[in-house]
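This is query16.txt (compact mmCIF, C-alpha atoms).
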```txt
# COMPACT_ATOMS: atom_id res chain seq x y z
CA GLY G 248 -6.61 -4.76 -8.00
CA LEU G 249 -10.37 -4.79 -8.61
CA VAL G 250 -10.13 -8.07 -10.50
CA LEU G 251 -8.17 -9.67 -7.66
CA VAL G 252 -10.68 -8.45 -5.08
CA GLY G 253 -13.44 -9.81 -7.28
CA PHE G 254 -11.77 -13.23 -7.25
CA TYR G 255 -11.55 -13.09 -3.44
CA ILE G 256 -15.25 -12.25 -3.16
CA ALA G 257 -16.22 -14.93 -5.68
CA TYR G 258 -14.24 -17.54 -3.74
CA GLN G 259 -15.90 -16.56 -0.46
CA ILE G 260 -19.34 -16.74 -2.03
CA PHE G 261 -18.55 -20.15 -3.51
CA VAL G 262 -17.35 -21.49 -0.13
CA ALA G 263 -20.39 -20.06 1.64
CA TYR G 264 -22.69 -21.73 -0.89
CA ALA G 265 -20.88 -25.08 -1.10
CA GLN G 266 -19.99 -25.41 2.60
CA PRO G 267 -22.30 -23.22 4.67
CA GLU G 268 -20.79 -24.52 7.93
CA LYS G 269 -17.53 -22.72 7.06
CA SER G 270 -19.29 -19.36 6.77
CA PRO G 271 -21.59 -19.05 9.78
CA PRO G 272 -23.47 -15.77 10.29
CA ALA G 273 -21.57 -13.24 12.38
CA ASP G 274 -22.89 -12.57 15.87
CA ILE G 275 -22.95 -8.77 15.87
CA GLY G 276 -25.52 -8.36 18.62
CA GLU G 277 -27.61 -5.29 17.97
CA ALA G 278 -27.96 -4.04 14.42
CA VAL G 279 -25.63 -1.21 13.49
CA ALA G 280 -27.44 1.92 12.38
CA LEU G 281 -26.56 3.32 8.95
CA PRO G 282 -25.41 6.73 10.28
CA ALA G 283 -23.01 5.02 12.72
CA LEU G 284 -21.71 2.80 9.93
CA LEU G 285 -21.10 5.80 7.68
CA ARG G 286 -19.31 7.67 10.47
CA ALA G 287 -16.98 4.71 10.86
CA LEU G 288 -16.33 4.10 7.15
CA LEU G 289 -16.32 7.53 5.51
CA PRO G 290 -13.29 9.12 7.25
CA PRO G 291 -10.81 6.34 6.27
CA ILE G 292 -12.25 6.21 2.75
CA LEU G 293 -11.93 9.99 2.36
CA LEU G 294 -8.36 9.80 3.64
CA ILE G 295 -7.48 7.16 1.02
CA ILE G 296 -9.10 9.27 -1.70
CA ALA G 297 -7.19 12.36 -0.53
CA VAL G 298 -3.84 10.58 -0.60
CA LEU G 299 -4.28 8.77 -3.92
CA GLY G 300 -6.22 11.64 -5.49
CA SER G 301 -3.50 14.15 -4.69
CA ILE G 302 -0.96 11.92 -6.46
CA LEU G 303 -3.07 11.07 -9.52
CA GLY G 304 -4.25 14.67 -9.80
CA GLY G 305 -0.70 15.97 -9.89
CA ILE G 306 -1.27 18.05 -6.76
CA ALA G 307 1.37 16.33 -4.65
CA THR G 308 4.33 14.02 -5.04
CA PRO G 309 4.17 10.59 -3.34
CA THR G 310 6.24 11.96 -0.45
CA GLU G 311 3.93 14.94 0.00
CA ALA G 312 0.88 12.68 -0.30
CA ALA G 313 2.36 10.50 2.45
CA SER G 314 2.46 13.56 4.70
CA VAL G 315 -1.20 14.18 3.88
CA GLY G 316 -1.94 10.62 4.96
CA ALA G 317 0.03 11.09 8.19
CA VAL G 318 -1.78 14.33 9.02
CA GLY G 319 -5.15 12.75 8.26
CA THR G 320 -4.33 9.74 10.42
CA ILE G 321 -3.35 11.98 13.34
CA LEU G 322 -6.65 13.82 13.00
CA LEU G 323 -8.60 10.55 12.93
CA ALA G 324 -6.78 9.34 16.03
CA GLY G 325 -7.41 12.67 17.76
CA GLU G 326 -11.10 12.54 16.86
CA LYS G 327 -11.39 9.14 18.51
CA LEU G 328 -9.30 9.99 21.57
CA THR G 329 -11.12 13.29 22.21
CA GLN G 330 -14.56 11.70 21.78
CA GLY G 331 -15.36 13.59 18.59
CA HIS G 332 -14.03 17.05 19.50
CA ARG G 333 -15.29 19.70 17.09
CA LEU G 334 -11.78 21.02 16.43
CA MET G 335 -10.83 17.69 14.81
CA ARG G 336 -13.61 18.08 12.27
CA PHE G 337 -12.57 21.64 11.50
CA GLY G 338 -9.02 20.40 11.05
CA ALA G 339 -10.17 17.70 8.61
CA LEU G 340 -12.17 20.26 6.64
CA ALA G 341 -9.14 22.55 6.61
CA LEU G 342 -6.98 19.73 5.22
CA ILE G 343 -9.50 19.03 2.47
CA GLY G 344 -9.77 22.74 1.71
CA LEU G 345 -5.99 23.07 1.37
CA ILE G 346 -5.83 20.12 -1.01
CA VAL G 347 -8.61 21.58 -3.17
CA MET G 348 -7.12 25.08 -3.18
CA THR G 349 -3.67 23.75 -4.08
CA GLY G 350 -5.16 22.05 -7.11
CA PHE G 351 -6.91 25.17 -8.44
CA MET G 352 -4.84 28.13 -7.22
CA ASP G 353 -1.20 29.18 -7.14
CA LEU G 354 -0.44 29.74 -3.46
CA ARG G 355 3.29 30.38 -3.79
CA LEU G 356 4.65 33.51 -2.12
CA ASN G 357 8.03 33.68 -3.87
CA ARG G 358 6.67 35.26 -7.06
CA ASP G 359 7.23 38.65 -8.65
CA GLU G 360 3.55 39.25 -9.35
CA ILE G 361 0.63 37.92 -7.32
CA ALA G 362 -2.92 38.52 -8.50
CA ALA G 363 -5.56 39.81 -6.12
CA LEU G 364 -7.45 36.52 -6.22
CA ASP G 365 -4.26 34.67 -5.35
CA TYR G 366 -3.70 37.04 -2.43
CA LEU G 367 -7.15 36.17 -1.16
CA GLY G 368 -6.44 32.47 -1.61
CA ILE G 369 -3.15 32.79 0.30
CA VAL G 370 -4.92 34.51 3.21
CA VAL G 371 -7.59 31.82 3.30
CA ALA G 372 -4.92 29.11 3.08
CA LEU G 373 -3.04 30.63 6.04
CA GLY G 374 -6.25 30.55 8.05
CA LEU G 375 -6.81 26.93 7.11
CA CYS G 376 -3.20 26.11 8.06
CA ALA G 377 -3.73 27.72 11.47
CA THR G 378 -6.89 25.67 12.01
CA LEU G 379 -5.13 22.50 10.90
CA ALA G 380 -2.15 23.23 13.17
CA ALA G 381 -4.45 23.74 16.17
CA ALA G 382 -6.23 20.45 15.44
CA LEU G 383 -2.90 18.62 15.09
CA ILE G 384 -1.63 20.03 18.40
CA LYS G 385 -4.86 18.96 20.08
CA SER G 386 -4.63 15.47 18.54
CA LEU G 387 -0.98 14.99 19.46
CA ASN G 388 -1.61 16.15 23.01
CA ALA G 389 -4.50 13.71 23.33
CA ALA G 390 -2.29 10.91 21.99
CA ARG G 391 0.47 11.85 24.45
CA THR G 392 -1.94 11.96 27.38
CA ASP G 393 -3.43 8.60 26.44
CA HIS G 394 0.08 7.05 26.14
CA VAL G 395 -0.45 6.32 22.45
CA LEU G 396 2.08 8.73 20.97
CA ARG G 397 5.10 7.09 22.62
CA ASN G 398 4.26 3.65 21.25
CA VAL G 399 3.58 5.04 17.78
CA VAL G 400 6.85 6.99 17.67
CA ARG G 401 8.78 3.96 18.91
CA ALA G 402 7.21 1.63 16.32
CA THR G 403 7.72 4.18 13.53
CA THR G 404 11.37 4.67 14.48
CA HIS G 405 11.89 0.91 14.57
CA THR G 406 10.32 0.40 11.13
CA THR G 407 12.12 3.36 9.58
CA SER G 408 15.47 2.23 10.97
CA MET G 409 14.89 -1.29 9.65
CA VAL G 410 14.06 0.04 6.17
CA PHE G 411 17.14 2.25 6.07
CA VAL G 412 19.41 -0.57 7.27
CA ILE G 413 18.01 -2.82 4.53
CA LEU G 414 18.39 0.00 1.99
CA ILE G 415 22.04 0.61 2.95
CA GLY G 416 22.79 -3.13 2.90
CA ALA G 417 21.07 -3.52 -0.46
CA ALA G 418 23.03 -0.59 -1.90
CA LEU G 419 26.32 -2.11 -0.73
CA PHE G 420 25.32 -5.52 -2.07
CA SER G 421 24.37 -4.07 -5.46
CA LEU G 422 27.64 -2.13 -5.63
CA VAL G 423 29.75 -5.23 -4.93
CA PHE G 424 27.53 -7.39 -7.16
CA ARG G 425 27.93 -5.05 -10.12
CA GLY G 426 31.62 -4.53 -9.40
CA LEU G 427 32.20 -8.27 -9.74
CA GLY G 428 30.22 -8.40 -12.98
CA GLY G 429 27.18 -10.10 -11.49
CA ASP G 430 24.71 -7.94 -13.39
CA GLU G 431 26.32 -8.91 -16.70
CA THR G 432 26.10 -12.58 -15.72
CA ILE G 433 22.41 -12.25 -14.83
CA GLN G 434 21.74 -10.35 -18.05
CA ALA G 435 23.47 -13.03 -20.14
CA LEU G 436 21.56 -15.75 -18.30
CA LEU G 437 18.17 -14.11 -18.87
CA GLU G 438 18.86 -13.22 -22.50
CA ASP G 439 20.07 -16.74 -23.33
CA LEU G 440 16.95 -18.43 -21.99
CA PRO G 441 14.84 -20.14 -24.65
CA GLY G 442 11.65 -18.16 -25.02
CA GLY G 443 13.14 -14.67 -24.86
CA LYS G 444 11.77 -12.04 -22.51
CA TRP G 445 8.75 -14.13 -21.53
CA ALA G 446 10.94 -16.92 -20.20
CA ALA G 447 13.05 -14.31 -18.37
CA VAL G 448 9.97 -12.77 -16.75
CA ALA G 449 8.68 -16.23 -15.77
CA LEU G 450 12.02 -17.14 -14.16
CA VAL G 451 12.15 -13.86 -12.22
CA MET G 452 8.57 -14.37 -11.03
CA VAL G 453 9.38 -17.90 -9.82
CA ILE G 454 12.47 -16.69 -7.97
CA MET G 455 10.59 -13.82 -6.30
CA PHE G 456 7.78 -16.17 -5.29
CA ALA G 457 10.27 -18.60 -3.74
CA LEU G 458 12.09 -15.81 -1.90
CA GLY G 459 8.75 -14.65 -0.49
CA PHE G 460 8.66 -17.75 1.71
CA PHE G 461 11.74 -16.59 3.62
CA LEU G 462 12.33 -12.87 3.02
CA ASP G 463 10.30 -9.76 3.73
CA PHE G 464 8.92 -8.00 0.66
CA ILE G 465 10.99 -4.90 1.48
CA GLU G 466 14.20 -6.92 1.26
CA ILE G 467 13.13 -8.40 -2.07
CA ILE G 468 12.31 -4.95 -3.45
CA PHE G 469 15.64 -3.44 -2.40
CA VAL G 470 17.86 -6.41 -3.31
CA VAL G 471 16.29 -8.34 -6.20
CA VAL G 472 14.32 -5.74 -8.14
CA PRO G 473 17.26 -3.34 -8.77
CA ILE G 474 19.21 -6.24 -10.28
CA VAL G 475 16.60 -7.83 -12.56
CA GLY G 476 14.39 -4.79 -13.20
CA PRO G 477 16.73 -2.86 -15.55
CA ILE G 478 17.58 -6.05 -17.44
CA LEU G 479 13.93 -6.90 -18.09
CA LEU G 480 13.16 -3.33 -19.12
CA ALA G 481 16.10 -3.40 -21.54
CA MET G 482 14.59 -6.55 -23.03
CA GLY G 483 11.43 -4.59 -23.94
CA VAL G 484 9.12 -5.47 -21.04
CA ASP G 485 6.42 -2.87 -20.32
CA PRO G 486 7.38 -1.16 -17.02
CA VAL G 487 3.80 -0.69 -15.79
CA TRP G 488 2.89 -4.29 -16.48
CA LEU G 489 6.12 -5.53 -14.87
CA GLY G 490 5.54 -3.40 -11.78
CA VAL G 491 2.03 -4.77 -11.31
CA MET G 492 3.25 -8.34 -11.84
CA MET G 493 5.97 -7.88 -9.23
CA ALA G 494 3.58 -6.21 -6.79
CA ILE G 495 1.06 -9.07 -6.94
CA ASN G 496 3.88 -11.61 -6.71
CA LEU G 497 5.27 -9.87 -3.63
CA GLN G 498 1.79 -9.78 -2.15
CA THR G 499 1.91 -13.56 -1.91
CA SER G 500 4.81 -13.21 0.56
CA PHE G 501 2.26 -12.02 3.13
CA LEU G 502 0.48 -15.38 2.90
CA THR G 503 3.27 -17.91 2.36
CA PRO G 504 4.62 -19.69 5.46
CA PRO G 505 6.74 -19.70 7.47
CA PHE G 506 7.21 -15.89 7.48
CA GLY G 507 3.94 -14.59 6.04
CA PHE G 508 3.04 -11.43 7.95
CA ALA G 509 -0.71 -11.83 7.35
CA LEU G 510 -0.54 -15.30 8.88
CA PHE G 511 1.01 -13.88 12.05
CA TYR G 512 -1.64 -11.17 12.17
CA LEU G 513 -4.34 -13.83 11.96
CA ARG G 514 -2.60 -15.89 14.62
CA GLY G 515 -2.82 -12.89 16.96
CA VAL G 516 -6.56 -12.31 16.53
CA VAL G 517 -8.09 -15.79 16.12
CA PRO G 518 -9.01 -17.87 19.19
CA ASP G 519 -6.72 -20.60 20.50
CA SER G 520 -9.07 -23.24 19.11
CA VAL G 521 -7.77 -22.38 15.61
CA SER G 522 -4.35 -23.95 15.10
CA THR G 523 -1.48 -22.47 13.12
CA GLY G 524 -1.72 -25.39 10.71
CA GLN G 525 -5.33 -24.48 9.96
CA ILE G 526 -4.29 -20.90 9.24
CA TYR G 527 -1.59 -22.13 6.85
CA ARG G 528 -4.03 -24.42 5.06
CA GLY G 529 -6.63 -21.67 4.88
CA ALA G 530 -4.16 -19.36 3.13
CA ILE G 531 -3.50 -21.83 0.30
CA PRO G 532 -6.63 -20.94 -1.78
CA PHE G 533 -5.79 -17.22 -1.60
CA VAL G 534 -2.20 -17.87 -2.70
CA ALA G 535 -3.61 -19.92 -5.58
CA ILE G 536 -5.94 -17.02 -6.50
CA GLN G 537 -3.00 -14.63 -6.61
CA LEU G 538 -0.98 -17.02 -8.77
CA PHE G 539 -3.98 -17.37 -11.08
CA MET G 540 -4.13 -13.56 -11.24
CA LEU G 541 -0.46 -13.51 -12.25
CA ALA G 542 -1.17 -15.96 -15.06
CA LEU G 543 -4.15 -13.88 -16.16
CA LEU G 544 -2.03 -10.72 -16.21
CA ALA G 545 0.61 -12.51 -18.25
CA TYR G 546 -2.02 -13.51 -20.82
CA PHE G 547 -3.94 -10.20 -20.72
CA PRO G 548 -1.44 -7.39 -20.01
CA GLN G 549 -4.21 -4.84 -20.66
CA LEU G 550 -5.59 -5.60 -17.19
CA ALA G 551 -2.58 -3.75 -15.75
CA THR G 552 -2.08 -1.05 -18.38
CA TRP G 553 -5.54 0.21 -19.26
CA LEU G 554 -6.05 2.43 -16.21
CA PRO G 555 -2.65 4.23 -16.44
CA GLU G 556 -3.32 4.80 -20.14
CA ILE G 557 -6.66 6.44 -19.30
CA VAL G 558 -5.33 8.50 -16.39
CA PHE G 559 -2.01 9.61 -17.87
CA GLY G 560 -2.82 9.27 -21.56
CA ASP G 561 0.24 7.14 -22.37
```
What do you get writing this file as structure tokens?
Amino acid sequence: GLVLVGFYIAYQIFVAYAQPEKSPPADIGEAVALPALLRALLPPILLIIAVLGSILGGIATPTEAASVGAVGTILLAGEKLTQGHRLMRFGALALIGLIVMTGFMDLRLNRDEIAALDYLGIVVALGLCATLAAALIKSLNAARTDHVLRNVVRATTHTTSMVFVILIGAALFSLVFRGLGGDETIQALLEDLPGGKWAAVALVMVIMFALGFFLDFIEIIFVVVPIVGPILLAMGVDPVWLGVMMAINLQTSFLTPPFGFALFYLRGVVPDSVSTGQIYRGAIPFVAIQLFMLALLAYFPQLATWLPEIVFGD
């Protein structure tokens, strides 16, 4: 991820140096003070650290970490809607305190023996939960009053329903596909390719990249990956490296027309003077950077595996 971001930054610097007219200075009006900038940047950064840190630290499962992210997002929205109400800050501190205490203390109640220090920690945790609950109620009420909560719930329900429909359809497709022997056919096809597992990985990457032009990445994950993933793993492909390769490949689906989501986002925020064709052409260098990153990962798999080896000691 850091290498890919570095390539993005290097490309932008190169364009700004070679063609300064394409990178004009931003008109930001008055200079933004450092304290105001920190107040805007630190809360989202701390939320990201809390979510990812709770997973990497073994404090929470991905599902539990997602709930931490949802709670933190509600608090951030409440802080903005209530014009920086003090209760929102206490709620954020309570959330951080609960995460820290969970990592260092056993707060379970269903135990035969509970030490005195754990009793104290449980009491403190209950107080923090009460503070967090009060902040959440205040945030949700502010979102309801400002007519934000209804739109958020509607959009969340729509997205969740879409994911579950795709998941059910993908499960049915996989069941029929395997029942008709399709997985054995795909396995024989990939194993018979000249070049072994590397040719199989290359073919899968090409297919996923082509599908990214027309399908959403969620559909590709639920339909394609369950079919080819086990076959490639059985051929001896490193699972971490394969997951990173697939993730970067799927990331290109956000930038490839005609159904690239990032392109539609840009279309919604840029002025009318910028045509859709210009947006498509502007995305080509970034797609090329991602493809170059895929080639680099294929040649240097350590770029994807070194961090998990350090964190998890595998």
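Omitting range 487-504 of chain G and its sequence neighbours fewer than 3 positions away, and counting only C-alpha atoms, the residues within 7 Å are G:Met452, G:Phe456, G:Gly459, G:Phe460, G:Phe464, G:Val484, G:Gly507, G:Phe508, G:Ala509, G:Leu510, G:Tyr527, G:Ala530, G:Val534, G:Gln537, G:Leu541, G:Pro548, G:Ala551, G:Thr552.
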Box time for range 458-471 of chain G: axis-aligned, enclosing all its listed atoms, 8 Å extra on each side; report centre and edge lengths in Å to one decimal, as AutoDock Vina command-line options.
```
--center_x 13.3 --center_y -10.6 --center_z -1.2 --size_x 25.2 --size_y 30.3 --size_z 25.9
```
Residue neighbourhood Asp430 in chain G, 10 Å, all atoms listed in the file, exclusion window fewer than 5 positions, as a PyMOL selection string: chain G and resi 421+424-425+435-436+473-475+477-478
Spatial neighbours of Ala307 in chain G, 12 Å, all atoms listed in the file, chain gap at least 3 places, as a list in words: Ala297, Val298, Leu299, Gly300, Ser301, Ile302, Leu303, Gly304, Thr310, Glu311, Ala312, Ala313, Ser314, Val315, Gly316, Leu345, Ile346, Val347, Thr349 and Gly350 of chain G
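The set of protein, DNA and RNA residues with any counted atom at most 12 Å from (-9.3, -17.3, -9.0) (only C-alpha atoms) reads Val250, Leu251, Val252, Gly253, Phe254, Tyr255, Ile256, Ala257, Tyr258, Gln259, Phe261, Ile531, Pro532, Phe533, Val534, Ala535, Ile536, Gln537, Leu538, Phe539, Met540, Leu541, Ala542 and Leu543 of chain G.
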Give me a file of those residues, with C-alpha atoms, as a short mmCIF file (atom, residue, chain, number, x, y, z; two decimals), in the frame of the given file.
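Output saved as out-v3.cif:
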```cif
data_model
loop_
_atom_site.label_atom_id
_atom_site.label_comp_id
_atom_site.auth_asym_id
_atom_site.auth_seq_id
_atom_site.Cartn_x
_atom_site.Cartn_y
_atom_site.Cartn_z
CA VAL G 250 -10.13 -8.07 -10.50
CA LEU G 251 -8.17 -9.67 -7.66
CA VAL G 252 -10.68 -8.45 -5.08
CA GLY G 253 -13.44 -9.81 -7.28
CA PHE G 254 -11.77 -13.23 -7.25
CA TYR G 255 -11.55 -13.09 -3.44
CA ILE G 256 -15.25 -12.25 -3.16
CA ALA G 257 -16.22 -14.93 -5.68
CA TYR G 258 -14.24 -17.54 -3.74
CA GLN G 259 -15.90 -16.56 -0.46
CA PHE G 261 -18.55 -20.15 -3.51
CA ILE G 531 -3.50 -21.83 0.30
CA PRO G 532 -6.63 -20.94 -1.78
CA PHE G 533 -5.79 -17.22 -1.60
CA VAL G 534 -2.20 -17.87 -2.70
CA ALA G 535 -3.61 -19.92 -5.58
CA ILE G 536 -5.94 -17.02 -6.50
CA GLN G 537 -3.00 -14.63 -6.61
CA LEU G 538 -0.98 -17.02 -8.77
CA PHE G 539 -3.98 -17.37 -11.08
CA MET G 540 -4.13 -13.56 -11.24
CA LEU G 541 -0.46 -13.51 -12.25
CA ALA G 542 -1.17 -15.96 -15.06
CA LEU G 543 -4.15 -13.88 -16.16
#
```
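Here the residues that fall within 8 Å of (-7.1, 13.2, 17.7), using only C-alpha atoms, are given as Ile321, Leu322, Leu323, Ala324, Gly325, Glu326, Lys327, Leu328, Thr329, Met335, Ala382, Leu383, Lys385, Ser386, Leu387, Ala389 and Ala390 of chain G.
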Using the selection just defined, write its residues with C-alpha atoms as a PDB file, in the coordinates of the input.
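File again.pdb, as written:
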```pdb
ATOM      1  CA  ILE G 321      -3.350  11.980  13.340  1.00  0.00           C
ATOM      2  CA  LEU G 322      -6.650  13.820  13.000  1.00  0.00           C
ATOM      3  CA  LEU G 323      -8.600  10.550  12.930  1.00  0.00           C
ATOM      4  CA  ALA G 324      -6.780   9.340  16.030  1.00  0.00           C
ATOM      5  CA  GLY G 325      -7.410  12.670  17.760  1.00  0.00           C
ATOM      6  CA  GLU G 326     -11.100  12.540  16.860  1.00  0.00           C
ATOM      7  CA  LYS G 327     -11.390   9.140  18.510  1.00  0.00           C
ATOM      8  CA  LEU G 328      -9.300   9.990  21.570  1.00  0.00           C
ATOM      9  CA  THR G 329     -11.120  13.290  22.210  1.00  0.00           C
ATOM     10  CA  MET G 335     -10.830  17.690  14.810  1.00  0.00           C
ATOM     11  CA  ALA G 382      -6.230  20.450  15.440  1.00  0.00           C
ATOM     12  CA  LEU G 383      -2.900  18.620  15.090  1.00  0.00           C
ATOM     13  CA  LYS G 385      -4.860  18.960  20.080  1.00  0.00           C
ATOM     14  CA  SER G 386      -4.630  15.470  18.540  1.00  0.00           C
ATOM     15  CA  LEU G 387      -0.980  14.990  19.460  1.00  0.00           C
ATOM     16  CA  ALA G 389      -4.500  13.710  23.330  1.00  0.00           C
ATOM     17  CA  ALA G 390      -2.290  10.910  21.990  1.00  0.00           C
TER      18      ALA G 390
END
```
Atoms are missing here; could range 354-382 of chain G be completed with N, CA and C atoms and written as a tab-separated table (two decimals), in the frame of the given file?
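rebuild21.tsv, freshly written:
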```tsv
chain	number	residue	atom	x	y	z
G	354	LEU	N	-0.58	29.18	-4.80
G	354	LEU	CA	-0.44	29.74	-3.46
G	354	LEU	C	1.01	30.06	-3.10
G	355	ARG	N	1.89	30.10	-4.08
G	355	ARG	CA	3.29	30.38	-3.79
G	355	ARG	C	3.48	31.86	-3.48
G	356	LEU	N	4.36	32.14	-2.52
G	356	LEU	CA	4.65	33.51	-2.12
G	356	LEU	C	5.86	34.08	-2.83
G	357	ASN	N	6.79	33.22	-3.24
G	357	ASN	CA	8.03	33.68	-3.87
G	357	ASN	C	7.82	33.92	-5.37
G	358	ARG	N	6.94	34.89	-5.67
G	358	ARG	CA	6.67	35.26	-7.06
G	358	ARG	C	6.80	36.77	-7.20
G	359	ASP	N	7.12	37.21	-8.41
G	359	ASP	CA	7.23	38.65	-8.65
G	359	ASP	C	5.88	39.33	-8.67
G	360	GLU	N	4.89	38.68	-9.25
G	360	GLU	CA	3.55	39.25	-9.35
G	360	GLU	C	2.54	38.26	-8.80
G	361	ILE	N	1.67	38.74	-7.92
G	361	ILE	CA	0.63	37.92	-7.32
G	361	ILE	C	-0.70	38.62	-7.56
G	362	ALA	N	-1.61	37.93	-8.22
G	362	ALA	CA	-2.92	38.52	-8.50
G	362	ALA	C	-3.73	38.68	-7.22
G	363	ALA	N	-4.74	39.54	-7.30
G	363	ALA	CA	-5.56	39.81	-6.12
G	363	ALA	C	-6.28	38.56	-5.65
G	364	LEU	N	-6.76	37.75	-6.60
G	364	LEU	CA	-7.45	36.52	-6.22
G	364	LEU	C	-6.50	35.55	-5.53
G	365	ASP	N	-5.24	35.54	-6.00
G	365	ASP	CA	-4.26	34.67	-5.35
G	365	ASP	C	-3.94	35.16	-3.94
G	366	TYR	N	-3.90	36.50	-3.77
G	366	TYR	CA	-3.70	37.04	-2.43
G	366	TYR	C	-4.80	36.57	-1.49
G	367	LEU	N	-6.03	36.62	-1.97
G	367	LEU	CA	-7.15	36.17	-1.16
G	367	LEU	C	-7.02	34.68	-0.84
G	368	GLY	N	-6.62	33.89	-1.85
G	368	GLY	CA	-6.44	32.47	-1.61
G	368	GLY	C	-5.34	32.19	-0.60
G	369	ILE	N	-4.25	32.98	-0.65
G	369	ILE	CA	-3.15	32.79	0.30
G	369	ILE	C	-3.61	33.10	1.71
G	370	VAL	N	-4.40	34.16	1.87
G	370	VAL	CA	-4.92	34.51	3.21
G	370	VAL	C	-5.81	33.40	3.74
G	371	VAL	N	-6.70	32.91	2.88
G	371	VAL	CA	-7.59	31.82	3.30
G	371	VAL	C	-6.77	30.58	3.64
G	372	ALA	N	-5.76	30.28	2.82
G	372	ALA	CA	-4.92	29.11	3.08
G	372	ALA	C	-4.17	29.24	4.41
G	373	LEU	N	-3.71	30.43	4.74
G	373	LEU	CA	-3.04	30.63	6.04
G	373	LEU	C	-4.00	30.39	7.19
G	374	GLY	N	-5.26	30.83	7.02
G	374	GLY	CA	-6.25	30.55	8.05
G	374	GLY	C	-6.53	29.06	8.20
G	375	LEU	N	-6.59	28.37	7.06
G	375	LEU	CA	-6.81	26.93	7.11
G	375	LEU	C	-5.61	26.22	7.74
G	376	CYS	N	-4.40	26.70	7.44
G	376	CYS	CA	-3.20	26.11	8.06
G	376	CYS	C	-3.22	26.30	9.57
G	377	ALA	N	-3.66	27.48	10.02
G	377	ALA	CA	-3.73	27.72	11.47
G	377	ALA	C	-4.74	26.78	12.12
G	378	THR	N	-5.88	26.59	11.47
G	378	THR	CA	-6.89	25.67	12.01
G	378	THR	C	-6.36	24.25	12.04
G	379	LEU	N	-5.69	23.84	10.95
G	379	LEU	CA	-5.13	22.50	10.90
G	379	LEU	C	-4.05	22.31	11.95
G	380	ALA	N	-3.21	23.32	12.16
G	380	ALA	CA	-2.15	23.23	13.17
G	380	ALA	C	-2.75	23.08	14.57
G	381	ALA	N	-3.80	23.84	14.85
G	381	ALA	CA	-4.45	23.74	16.17
G	381	ALA	C	-5.04	22.34	16.38
G	382	ALA	N	-5.66	21.79	15.32
G	382	ALA	CA	-6.23	20.45	15.44
G	382	ALA	C	-5.14	19.41	15.63
```
